file protein-v7.cif (mmCIF, all heavy atoms)
data_input
loop_
_atom_site.label_atom_id
_atom_site.label_comp_id
_atom_site.auth_asym_id
_atom_site.auth_seq_id
_atom_site.Cartn_x
_atom_site.Cartn_y
_atom_site.Cartn_z
N MET A 1 129.14 142.31 46.81
CA MET A 1 129.88 141.06 46.92
C MET A 1 130.21 140.57 45.52
O MET A 1 129.34 140.46 44.66
CB MET A 1 129.04 140.04 47.68
CG MET A 1 129.66 138.69 47.78
SD MET A 1 128.57 137.63 48.75
CE MET A 1 129.71 136.41 49.22
N ALA A 2 131.46 140.25 45.27
CA ALA A 2 131.89 139.78 43.96
C ALA A 2 131.51 138.31 43.77
O ALA A 2 131.60 137.52 44.69
CB ALA A 2 133.39 139.94 43.82
N ALA A 3 131.09 137.97 42.56
CA ALA A 3 130.75 136.59 42.25
C ALA A 3 132.03 135.80 42.03
O ALA A 3 133.02 136.33 41.52
CB ALA A 3 129.88 136.54 40.99
N PRO A 4 132.02 134.51 42.41
CA PRO A 4 133.21 133.71 42.18
C PRO A 4 133.45 133.51 40.68
O PRO A 4 132.52 133.53 39.88
CB PRO A 4 132.90 132.38 42.86
CG PRO A 4 131.42 132.33 42.98
CD PRO A 4 130.96 133.77 43.04
N CYS A 5 134.70 133.32 40.32
CA CYS A 5 135.06 133.07 38.93
C CYS A 5 134.85 131.58 38.65
O CYS A 5 135.47 130.74 39.27
CB CYS A 5 136.53 133.45 38.71
SG CYS A 5 137.09 133.11 37.04
N VAL A 6 133.95 131.27 37.75
CA VAL A 6 133.64 129.89 37.42
C VAL A 6 134.19 129.59 36.03
O VAL A 6 133.99 130.36 35.10
CB VAL A 6 132.11 129.65 37.44
CG1 VAL A 6 131.78 128.22 37.07
CG2 VAL A 6 131.54 130.00 38.80
N PRO A 7 134.90 128.46 35.88
CA PRO A 7 135.42 128.11 34.56
C PRO A 7 134.30 128.04 33.54
O PRO A 7 133.19 127.60 33.84
CB PRO A 7 136.04 126.73 34.79
CG PRO A 7 136.30 126.65 36.26
CD PRO A 7 135.24 127.49 36.91
N ASP A 8 134.59 128.46 32.31
CA ASP A 8 133.57 128.49 31.27
C ASP A 8 132.92 127.15 31.03
O ASP A 8 131.70 127.07 30.92
CB ASP A 8 134.17 128.99 29.95
CG ASP A 8 134.51 130.48 29.99
OD1 ASP A 8 133.97 131.19 30.86
OD2 ASP A 8 135.29 130.91 29.16
N ALA A 9 133.69 126.07 30.96
CA ALA A 9 133.13 124.75 30.69
C ALA A 9 132.18 124.33 31.81
O ALA A 9 131.11 123.76 31.55
CB ALA A 9 134.23 123.72 30.51
N ALA A 10 132.53 124.61 33.05
CA ALA A 10 131.67 124.26 34.17
C ALA A 10 130.39 125.10 34.15
O ALA A 10 129.30 124.59 34.39
CB ALA A 10 132.41 124.45 35.49
N ALA A 11 130.52 126.38 33.84
CA ALA A 11 129.36 127.25 33.76
C ALA A 11 128.43 126.82 32.63
O ALA A 11 127.20 126.82 32.79
CB ALA A 11 129.79 128.70 33.57
N GLU A 12 129.00 126.44 31.50
CA GLU A 12 128.19 125.99 30.37
C GLU A 12 127.48 124.68 30.70
O GLU A 12 126.30 124.52 30.37
CB GLU A 12 129.06 125.82 29.13
CG GLU A 12 129.54 127.14 28.56
CD GLU A 12 130.57 126.98 27.44
OE1 GLU A 12 130.78 125.85 26.98
OE2 GLU A 12 131.13 128.00 27.04
N ALA A 13 128.17 123.75 31.35
CA ALA A 13 127.55 122.49 31.74
C ALA A 13 126.44 122.73 32.76
O ALA A 13 125.37 122.13 32.68
CB ALA A 13 128.60 121.54 32.30
N ASN A 14 126.68 123.65 33.69
CA ASN A 14 125.67 123.99 34.68
C ASN A 14 124.42 124.56 34.01
O ASN A 14 123.30 124.18 34.34
CB ASN A 14 126.25 124.99 35.69
CG ASN A 14 125.32 125.26 36.84
OD1 ASN A 14 124.31 124.60 37.03
ND2 ASN A 14 125.67 126.26 37.62
N GLN A 15 124.62 125.43 33.05
CA GLN A 15 123.49 126.01 32.32
C GLN A 15 122.74 124.94 31.55
O GLN A 15 121.51 124.95 31.50
CB GLN A 15 123.97 127.12 31.38
CG GLN A 15 122.84 127.85 30.68
CD GLN A 15 121.90 128.55 31.65
OE1 GLN A 15 122.31 129.04 32.70
NE2 GLN A 15 120.63 128.58 31.32
N ALA A 16 123.45 124.00 30.95
CA ALA A 16 122.81 122.91 30.22
C ALA A 16 121.95 122.06 31.16
O ALA A 16 120.84 121.67 30.80
CB ALA A 16 123.85 122.05 29.52
N ILE A 17 122.45 121.80 32.36
CA ILE A 17 121.68 121.04 33.35
C ILE A 17 120.43 121.81 33.74
O ILE A 17 119.34 121.25 33.81
CB ILE A 17 122.54 120.72 34.59
CG1 ILE A 17 123.63 119.71 34.22
CG2 ILE A 17 121.68 120.20 35.74
CD1 ILE A 17 124.68 119.52 35.29
N ARG A 18 120.58 123.10 33.99
CA ARG A 18 119.42 123.92 34.39
C ARG A 18 118.35 123.93 33.30
O ARG A 18 117.16 123.79 33.58
CB ARG A 18 119.86 125.35 34.71
CG ARG A 18 120.64 125.46 35.99
CD ARG A 18 121.13 126.90 36.18
NE ARG A 18 121.90 127.02 37.38
CZ ARG A 18 121.40 127.28 38.58
NH1 ARG A 18 120.11 127.46 38.73
NH2 ARG A 18 122.19 127.37 39.63
N GLU A 19 118.76 124.10 32.06
CA GLU A 19 117.80 124.12 30.95
C GLU A 19 117.14 122.75 30.77
O GLU A 19 115.94 122.66 30.53
CB GLU A 19 118.50 124.55 29.66
CG GLU A 19 118.90 126.02 29.68
CD GLU A 19 119.76 126.42 28.50
OE1 GLU A 19 120.01 125.58 27.60
OE2 GLU A 19 120.19 127.59 28.48
N PHE A 20 117.94 121.70 30.88
CA PHE A 20 117.43 120.33 30.75
C PHE A 20 116.36 120.07 31.80
O PHE A 20 115.28 119.55 31.49
CB PHE A 20 118.60 119.34 30.90
CG PHE A 20 118.20 117.91 30.77
CD1 PHE A 20 118.06 117.32 29.53
CD2 PHE A 20 117.98 117.13 31.90
CE1 PHE A 20 117.69 115.99 29.40
CE2 PHE A 20 117.63 115.80 31.79
CZ PHE A 20 117.48 115.23 30.53
N MET A 21 116.64 120.42 33.06
CA MET A 21 115.70 120.16 34.14
C MET A 21 114.49 121.08 34.06
O MET A 21 113.37 120.67 34.37
CB MET A 21 116.39 120.28 35.50
CG MET A 21 117.44 119.21 35.74
SD MET A 21 116.86 117.51 35.52
CE MET A 21 115.70 117.38 36.89
N ALA A 22 114.67 122.32 33.65
CA ALA A 22 113.55 123.26 33.54
C ALA A 22 112.53 122.77 32.52
O ALA A 22 111.32 122.97 32.69
CB ALA A 22 114.06 124.64 33.15
N ALA A 23 113.00 122.10 31.49
CA ALA A 23 112.09 121.58 30.46
C ALA A 23 111.29 120.38 30.98
O ALA A 23 110.33 119.96 30.34
CB ALA A 23 112.88 121.18 29.22
N ARG A 24 111.67 119.85 32.14
CA ARG A 24 111.02 118.67 32.68
C ARG A 24 110.43 118.93 34.07
O ARG A 24 110.24 118.00 34.84
CB ARG A 24 112.03 117.52 32.72
CG ARG A 24 112.37 117.05 31.33
CD ARG A 24 113.77 116.52 31.22
NE ARG A 24 114.06 116.16 29.83
CZ ARG A 24 114.52 117.00 28.92
NH1 ARG A 24 114.76 118.25 29.23
NH2 ARG A 24 114.75 116.60 27.69
N THR A 25 110.16 120.18 34.37
CA THR A 25 109.63 120.56 35.68
C THR A 25 108.29 119.89 35.93
O THR A 25 107.43 119.84 35.05
CB THR A 25 109.47 122.09 35.76
OG1 THR A 25 110.75 122.69 35.58
CG2 THR A 25 108.90 122.52 37.11
N GLY A 26 108.12 119.38 37.13
CA GLY A 26 106.84 118.82 37.54
C GLY A 26 106.68 117.33 37.28
O GLY A 26 105.61 116.78 37.52
N ARG A 27 107.71 116.68 36.80
CA ARG A 27 107.61 115.23 36.58
C ARG A 27 108.98 114.60 36.75
O ARG A 27 110.00 115.27 36.70
CB ARG A 27 107.07 114.93 35.19
CG ARG A 27 107.98 115.32 34.04
CD ARG A 27 107.46 114.75 32.72
NE ARG A 27 108.27 115.14 31.59
CZ ARG A 27 109.39 114.52 31.20
NH1 ARG A 27 109.84 113.50 31.87
NH2 ARG A 27 110.05 114.95 30.14
N GLY A 28 108.97 113.31 36.95
CA GLY A 28 110.23 112.59 37.05
C GLY A 28 110.87 112.41 35.68
O GLY A 28 110.24 112.67 34.65
N LEU A 29 112.12 111.99 35.69
CA LEU A 29 112.82 111.77 34.43
C LEU A 29 112.56 110.36 33.93
O LEU A 29 112.52 109.41 34.70
CB LEU A 29 114.33 111.96 34.62
CG LEU A 29 114.79 113.35 35.04
CD1 LEU A 29 116.30 113.35 35.28
CD2 LEU A 29 114.41 114.38 34.01
N TRP A 30 112.39 110.22 32.62
CA TRP A 30 112.30 108.91 32.00
C TRP A 30 113.70 108.31 31.99
O TRP A 30 114.69 109.02 32.16
CB TRP A 30 111.71 109.01 30.60
CG TRP A 30 110.31 109.56 30.60
CD1 TRP A 30 109.34 109.37 31.54
CD2 TRP A 30 109.73 110.41 29.62
NE1 TRP A 30 108.20 110.04 31.20
CE2 TRP A 30 108.41 110.68 30.01
CE3 TRP A 30 110.20 110.97 28.43
CZ2 TRP A 30 107.55 111.48 29.27
CZ3 TRP A 30 109.35 111.76 27.68
CH2 TRP A 30 108.04 112.01 28.10
N SER A 31 113.83 107.03 31.75
CA SER A 31 115.13 106.37 31.83
C SER A 31 116.15 106.98 30.87
O SER A 31 117.32 107.18 31.24
CB SER A 31 115.01 104.87 31.61
OG SER A 31 114.47 104.60 30.34
N ASP A 32 115.74 107.30 29.65
CA ASP A 32 116.69 107.91 28.72
C ASP A 32 117.06 109.33 29.16
O ASP A 32 118.19 109.78 28.97
CB ASP A 32 116.16 107.90 27.28
CG ASP A 32 114.86 108.67 27.11
OD1 ASP A 32 114.04 108.69 28.06
OD2 ASP A 32 114.65 109.24 26.02
N GLU A 33 116.13 110.03 29.78
CA GLU A 33 116.41 111.37 30.29
C GLU A 33 117.33 111.30 31.50
O GLU A 33 118.20 112.16 31.67
CB GLU A 33 115.11 112.09 30.66
CG GLU A 33 114.25 112.42 29.47
CD GLU A 33 112.90 112.99 29.86
OE1 GLU A 33 112.34 112.58 30.91
OE2 GLU A 33 112.41 113.84 29.12
N GLN A 34 117.15 110.28 32.33
CA GLN A 34 118.03 110.10 33.48
C GLN A 34 119.46 109.88 33.02
O GLN A 34 120.40 110.44 33.58
CB GLN A 34 117.56 108.92 34.34
CG GLN A 34 118.40 108.70 35.59
CD GLN A 34 118.31 109.82 36.60
OE1 GLN A 34 117.26 110.43 36.76
NE2 GLN A 34 119.40 110.10 37.28
N ALA A 35 119.62 109.10 31.96
CA ALA A 35 120.95 108.85 31.41
C ALA A 35 121.57 110.15 30.89
O ALA A 35 122.76 110.42 31.10
CB ALA A 35 120.89 107.80 30.31
N GLU A 36 120.77 110.97 30.22
CA GLU A 36 121.27 112.26 29.71
C GLU A 36 121.63 113.19 30.86
O GLU A 36 122.66 113.87 30.82
CB GLU A 36 120.21 112.91 28.81
CG GLU A 36 120.59 114.28 28.29
CD GLU A 36 121.80 114.30 27.37
OE1 GLU A 36 122.27 113.23 26.96
OE2 GLU A 36 122.29 115.40 27.06
N TYR A 37 120.81 113.23 31.90
CA TYR A 37 121.10 114.04 33.08
C TYR A 37 122.43 113.61 33.70
O TYR A 37 123.26 114.45 34.05
CB TYR A 37 119.97 113.94 34.11
CG TYR A 37 120.32 114.60 35.42
CD1 TYR A 37 120.28 115.98 35.54
CD2 TYR A 37 120.71 113.84 36.51
CE1 TYR A 37 120.63 116.60 36.73
CE2 TYR A 37 121.05 114.45 37.71
CZ TYR A 37 121.01 115.82 37.81
OH TYR A 37 121.35 116.43 38.99
N GLU A 38 122.63 112.31 33.84
CA GLU A 38 123.87 111.81 34.43
C GLU A 38 125.08 112.16 33.55
O GLU A 38 126.15 112.46 34.06
CB GLU A 38 123.77 110.31 34.66
CG GLU A 38 122.79 109.98 35.79
CD GLU A 38 122.53 108.50 35.97
OE1 GLU A 38 123.24 107.67 35.36
OE2 GLU A 38 121.61 108.17 36.74
N ARG A 39 124.90 112.15 32.23
CA ARG A 39 125.98 112.55 31.32
C ARG A 39 126.31 114.03 31.52
O ARG A 39 127.47 114.41 31.61
CB ARG A 39 125.57 112.29 29.87
CG ARG A 39 126.71 112.54 28.88
CD ARG A 39 126.24 112.56 27.45
NE ARG A 39 125.37 113.69 27.15
CZ ARG A 39 125.80 114.95 26.96
NH1 ARG A 39 127.08 115.25 27.07
NH2 ARG A 39 124.96 115.92 26.68
N LEU A 40 125.28 114.87 31.61
CA LEU A 40 125.49 116.30 31.83
C LEU A 40 126.17 116.55 33.18
O LEU A 40 127.07 117.39 33.29
CB LEU A 40 124.16 117.06 31.76
CG LEU A 40 123.50 117.14 30.39
CD1 LEU A 40 122.07 117.67 30.53
CD2 LEU A 40 124.31 118.00 29.45
N LEU A 41 125.72 115.83 34.19
CA LEU A 41 126.30 115.99 35.53
C LEU A 41 127.78 115.57 35.54
O LEU A 41 128.61 116.24 36.14
CB LEU A 41 125.51 115.16 36.54
CG LEU A 41 125.87 115.34 38.00
CD1 LEU A 41 125.68 116.80 38.43
CD2 LEU A 41 125.02 114.42 38.85
N ALA A 42 128.10 114.49 34.84
CA ALA A 42 129.49 114.04 34.75
C ALA A 42 130.34 115.09 34.02
O ALA A 42 131.49 115.34 34.41
CB ALA A 42 129.57 112.70 34.04
N ALA A 43 129.79 115.70 32.98
CA ALA A 43 130.51 116.74 32.25
C ALA A 43 130.77 117.94 33.15
O ALA A 43 131.86 118.52 33.14
CB ALA A 43 129.72 117.17 31.01
N TRP A 44 129.78 118.32 33.96
CA TRP A 44 129.95 119.43 34.89
C TRP A 44 131.01 119.10 35.93
O TRP A 44 131.89 119.91 36.22
CB TRP A 44 128.62 119.75 35.58
CG TRP A 44 128.78 120.75 36.68
CD1 TRP A 44 128.85 122.10 36.55
CD2 TRP A 44 128.95 120.46 38.07
NE1 TRP A 44 129.04 122.67 37.79
CE2 TRP A 44 129.10 121.68 38.73
CE3 TRP A 44 128.97 119.28 38.80
CZ2 TRP A 44 129.28 121.76 40.10
CZ3 TRP A 44 129.16 119.36 40.17
CH2 TRP A 44 129.32 120.60 40.80
N ALA A 45 130.95 117.88 36.49
CA ALA A 45 131.92 117.48 37.52
C ALA A 45 133.33 117.47 36.95
O ALA A 45 134.28 117.93 37.60
CB ALA A 45 131.55 116.11 38.08
N ALA A 46 133.49 116.96 35.74
CA ALA A 46 134.81 116.91 35.11
C ALA A 46 135.33 118.32 34.86
O ALA A 46 136.50 118.61 35.11
CB ALA A 46 134.75 116.12 33.81
N ALA A 47 134.47 119.20 34.37
CA ALA A 47 134.88 120.58 34.10
C ALA A 47 135.24 121.31 35.39
O ALA A 47 136.18 122.11 35.42
CB ALA A 47 133.78 121.33 33.36
N SER A 48 134.52 121.02 36.45
CA SER A 48 134.79 121.67 37.73
C SER A 48 136.09 121.17 38.34
O SER A 48 136.80 121.93 39.00
CB SER A 48 133.64 121.40 38.71
OG SER A 48 132.46 121.99 38.23
N ALA A 49 136.42 119.90 38.11
CA ALA A 49 137.63 119.32 38.69
C ALA A 49 138.88 119.73 37.93
O ALA A 49 139.95 119.86 38.52
CB ALA A 49 137.51 117.80 38.71
N VAL A 50 138.77 119.95 36.63
CA VAL A 50 139.93 120.27 35.80
C VAL A 50 140.49 121.64 36.11
O VAL A 50 141.68 121.82 36.27
CB VAL A 50 139.57 120.18 34.30
CG1 VAL A 50 140.67 120.73 33.43
CG2 VAL A 50 139.28 118.74 33.93
N THR A 51 139.63 122.62 36.21
CA THR A 51 140.05 123.99 36.44
C THR A 51 139.58 124.42 37.82
O THR A 51 138.39 124.48 38.07
CB THR A 51 139.45 124.95 35.39
OG1 THR A 51 139.76 124.44 34.10
CG2 THR A 51 139.99 126.35 35.55
N PRO A 52 140.51 124.69 38.73
CA PRO A 52 140.08 125.11 40.06
C PRO A 52 139.32 126.43 40.00
O PRO A 52 139.63 127.30 39.20
CB PRO A 52 141.38 125.27 40.84
CG PRO A 52 142.46 125.33 39.83
CD PRO A 52 141.94 124.69 38.58
N ILE A 53 138.33 126.53 40.84
CA ILE A 53 137.53 127.75 40.91
C ILE A 53 138.28 128.74 41.80
O ILE A 53 138.69 128.44 42.89
CB ILE A 53 136.13 127.45 41.48
CG1 ILE A 53 135.39 126.51 40.54
CG2 ILE A 53 135.36 128.75 41.71
CD1 ILE A 53 134.07 126.04 41.08
N ARG A 54 138.48 129.94 41.25
CA ARG A 54 139.16 130.98 41.99
C ARG A 54 138.16 132.06 42.35
O ARG A 54 137.40 132.51 41.51
CB ARG A 54 140.28 131.59 41.15
CG ARG A 54 141.39 130.61 40.86
CD ARG A 54 142.31 131.19 39.85
NE ARG A 54 141.54 131.23 38.59
CZ ARG A 54 141.93 131.82 37.49
NH1 ARG A 54 143.08 132.44 37.45
NH2 ARG A 54 141.21 131.79 36.40
N GLN A 55 138.15 132.46 43.59
CA GLN A 55 137.27 133.52 44.00
C GLN A 55 137.98 134.85 43.84
O GLN A 55 139.18 134.97 44.07
CB GLN A 55 136.85 133.36 45.46
CG GLN A 55 135.82 132.28 45.63
CD GLN A 55 135.25 132.31 47.03
OE1 GLN A 55 136.01 132.37 47.99
NE2 GLN A 55 133.96 132.27 47.14
N ALA A 56 137.20 135.83 43.42
CA ALA A 56 137.73 137.18 43.32
C ALA A 56 138.00 137.69 44.74
O ALA A 56 137.21 137.47 45.65
CB ALA A 56 136.73 138.08 42.61
N SER A 57 139.11 138.32 44.92
CA SER A 57 139.40 138.86 46.25
C SER A 57 138.60 140.13 46.45
O SER A 57 138.32 140.88 45.51
CB SER A 57 140.90 139.16 46.38
OG SER A 57 141.29 140.11 45.42
N THR A 58 138.18 140.33 47.65
CA THR A 58 137.41 141.52 48.00
C THR A 58 138.22 142.37 48.97
O THR A 58 138.97 141.86 49.79
CB THR A 58 136.05 141.16 48.62
OG1 THR A 58 136.29 140.37 49.79
CG2 THR A 58 135.19 140.38 47.65
N ILE A 59 138.05 143.64 48.85
CA ILE A 59 138.73 144.59 49.75
C ILE A 59 137.71 145.05 50.77
O ILE A 59 136.63 145.52 50.44
CB ILE A 59 139.29 145.79 48.97
CG1 ILE A 59 140.30 145.30 47.95
CG2 ILE A 59 139.91 146.80 49.92
CD1 ILE A 59 140.80 146.39 47.01
N SER A 60 138.04 144.86 52.03
CA SER A 60 137.14 145.26 53.11
C SER A 60 137.39 146.67 53.53
O SER A 60 138.46 147.16 53.55
CB SER A 60 137.30 144.34 54.31
OG SER A 60 136.98 143.04 53.93
#
call {"tool": "encode", "arguments": {"input": "protein-v7.cif", "output": "structure tokens"}}
result
Amino acid sequence: MAAPCVPDAAAEANQAIREFMAARTGRGLWSDEQAEYERLLAAWAAASAVTPIRQASTIS
């Protein structure tokens, strides 16, 4: 199965969110961390909305 084509900016923002949350596993976010998470999430949403995600076509 082919992976969908994800815009670079969205993929980078997604990776930043994953790394940010992995560093805080097992506890809640502090208020300043919550603000940073929301900033990262907004960057991901904006990047995802700007460039439509195109799926690779598959041949059956």
call {"tool": "atom_distance", "arguments": {"input": "protein-v7.cif", "atom1": "CA of Ala13 (chain A)", "atom2": "atom O of Ala35 (chain A)"}}
result
13.0 Å
call {"tool": "select_by_dssp", "arguments": {"input": "protein-v7.cif", "residues": "region 14-51 of chain A", "states": "alpha helix (DSSP H)", "output": "list in words"}}
result
Asn14, Gln15, Ala16, Ile17, Arg18, Glu19, Phe20, Met21, Ala22, Ser31, Asp32, Glu33, Gln34, Ala35, Glu36, Tyr37, Glu38, Arg39, Leu40, Leu41, Ala42, Ala43, Trp44, Ala45, Ala46, Ala47, Ser48, Ala49 and Val50 of chain A
call {"tool": "atom_distance", "arguments": {"input": "protein-v7.cif", "atom1": "CA of Ser48 (chain A)", "atom2": "CA of Asp32 (chain A)"}}
result
24.5 Å
call {"tool": "atom_distance", "arguments": {"input": "protein-v7.cif", "atom1": "atom O of Ala10 (chain A)", "atom2": "CD2 of Trp30 (chain A)"}}
result
24.6 Å
call {"tool": "resolve_selection", "arguments": {"input": "protein-v7.cif", "expression": "the PyMOL selection byres (((chain A and resi 14 and name CA) around 12) and name CA)", "output": "ChimeraX atom specification"}}
result
/A:6-13,15-21,37,39-48
